[in-house]
Amino acid sequence: VGGVKISRDDVVRENDPTNNVPDSIFSKIGLQLHRRDNHPLGILKQEIYSYFDNNFPGLFNKFDNLCPVVSVKMNFDDVLVPHDHVSRTYNDTYYINAETVLRCHTSAHQAELLREGHSYFLVTGDVYRRDSVDSTHYPVFHQMEGFRVFTPVDWEASGVDGTSYAAMDLKKTLEGLAQHLFGNVEMRWVDAYFPFTDPSFELEIYFQGNWMEVLGCGVTEQKILINNGRAGSTAWAFGLGLERLAMVLFDIPDIRLFWSSDLRFTSQFSSGQLGVKFKSFSKFPPCYKDISFWISESFTENNFCEVVRGIAGDLAEQVSLIDSFTNKKGMTSHCYRITYRSMERSLTDEEINELQGRVRDEVENKLNVTIR
Ligand code: PHE
């Protein structure tokens, strides 16, 4: 189940080159923020549950405790992700070993739940992606997947084909959900691409002056239904990121706050209270440190960000490329600016210098670059 702590020694062979999960990520497995009643993510999950319960009493089965360690087959093959899709790379996904990953989306559970006989379900869980460091990206976040199967009796009377029927029902259901969460907002549908749905859409809402992407969705590929015992039916699926919505609904300015155990954060939220605005406690000053190096072929920004996070943890607020050039010999230099800031206290010069020193050492030792 999903709440179990996993230690590296239990699952990774020593020096296994097919593993790229650092200890900083292992330490997050099993925390299950989405199952805490008084946490913004738990409150949002419950509110989405209420919408489905009110509109479709007893229909949707809910899962929020499925294990985030899944096979490559579940995460990618079963949902038809092509072999050359970027999401399969070691740069984007955390591999425990060549056959096992930390799920990068809750869609990893579609096929198994269909095979178990479920036709209507909501799956909430922690998902893992290698990514950059800034106020809206964190290598662990939370998604909710929705799935609904239709059989011919559902659409025959309507006069439209099964795919159109599923698409119409999907849009109606999700517009209702967006209204339930955000009130009377402007919405628009944007065409999208996902390997597991066709047609595919993104829902955007107009919020505080910007169009914001709320979720991805679509009509499930026939092949997934056929492969999992549902020939003859159609279905829709959606996946939404809970942090993205919670940041807007609760006015939470930095994604790291979700992981904070500081009472000044945790005490502000209680079960059933969606959208209570977060009152920032005083912001402590940031500290900027630059680092420049000559990169090599194998360099990626995600690898660099992971080094920074591995050392500075949640004290790393942002990593941004501020300069890049290639000299006459064809060597490319990158300069990154790291913003260090604690949300809970002032940092001392000594501790930041110590962190930056360790970042420099590890970048040089592990990333095959030459510090300038
Ligand atoms: N799995 C997709 C993602 O993580 C979201 C999605 C789910 C899209 C279901 C369509 C259908 O981006």
# chains A, B, ... in the order shown; residues from 1 in each chain; ligands from 1
>>> residues_near_ligand(ligand="ligand 1", cutoff="8 Å", atoms="only C-alpha atoms and all ligand atoms", output="MDAnalysis selection string")
chainID A and resid 104:107 143 145:147 194 196:197 200:201 215:220 236:241
>>> write_last_selection(atoms="C-alpha atoms", output="mmCIF file, in the first residue's frame")
data_model
loop_
_atom_site.group_PDB
_atom_site.id
_atom_site.type_symbol
_atom_site.label_atom_id
_atom_site.label_comp_id
_atom_site.auth_asym_id
_atom_site.auth_seq_id
_atom_site.Cartn_x
_atom_site.Cartn_y
_atom_site.Cartn_z
ATOM 1 C CA CYS A 104 4.940 9.698 -12.824
ATOM 2 C CA HIS A 105 1.153 9.885 -13.077
ATOM 3 C CA THR A 106 -1.895 8.261 -11.524
ATOM 4 C CA SER A 107 -2.799 6.940 -14.989
ATOM 5 C CA GLN A 143 -2.641 13.898 -8.755
ATOM 6 C CA GLU A 145 -7.248 10.433 -11.788
ATOM 7 C CA GLY A 146 -10.889 9.962 -12.746
ATOM 8 C CA PHE A 147 -12.210 7.206 -14.986
ATOM 9 C CA PHE A 194 -1.950 12.216 -24.461
ATOM 10 C CA PHE A 196 -3.885 7.136 -23.709
ATOM 11 C CA THR A 197 -6.777 9.306 -24.928
ATOM 12 C CA SER A 200 -7.659 14.729 -25.710
ATOM 13 C CA PHE A 201 -8.331 18.077 -24.065
ATOM 14 C CA LEU A 215 -6.440 19.312 -15.892
ATOM 15 C CA GLY A 216 -5.790 16.962 -18.806
ATOM 16 C CA CYS A 217 -8.404 14.518 -20.040
ATOM 17 C CA GLY A 218 -9.887 12.696 -22.974
ATOM 18 C CA VAL A 219 -11.722 9.717 -24.375
ATOM 19 C CA THR A 220 -9.807 6.541 -23.553
ATOM 20 C CA TRP A 236 -13.310 8.946 -20.353
ATOM 21 C CA ALA A 237 -10.346 9.724 -18.125
ATOM 22 C CA PHE A 238 -8.944 12.844 -16.522
ATOM 23 C CA GLY A 239 -5.900 13.672 -14.414
ATOM 24 C CA LEU A 240 -5.517 16.786 -12.315
ATOM 25 C CA GLY A 241 -2.640 18.138 -10.247
#
>>> closest_residue(among="A:Ser280, A:Ser158, A:Thr234, A:Gln318", to="A:Phe250", atoms="only C-alpha atoms")
A:Ser280
>>> select_by_dssp(residues="stretch 164-262 of chain A", states="strand (DSSP E)", output="VMD selection string")
chain A and resid 187 to 194 197 to 207 210 to 220 234 to 241
>>> closest_residue(among="A:Leu102, A:Val149, A:Ile252, A:Val70", to="A:Arg129", atoms="only C-alpha atoms")
A:Leu102
>>> residues_around(residues="A:Ala111", least_positions_apart="2", cutoff="7 Å", atoms="only C-alpha atoms", output="PyMOL selection string")
chain A and resi 78+109+113-115+228
>>> closest_residue(among="A:Ala166, A:Ile295, A:Ala192, A:Val133", to="A:Glu317", atoms="only C-alpha atoms")
A:Val133
>>> closest_residue(among="A:Val1, A:Ile226, A:Leu174, A:Val12", to="A:Leu203", atoms="only C-alpha atoms")
A:Leu174
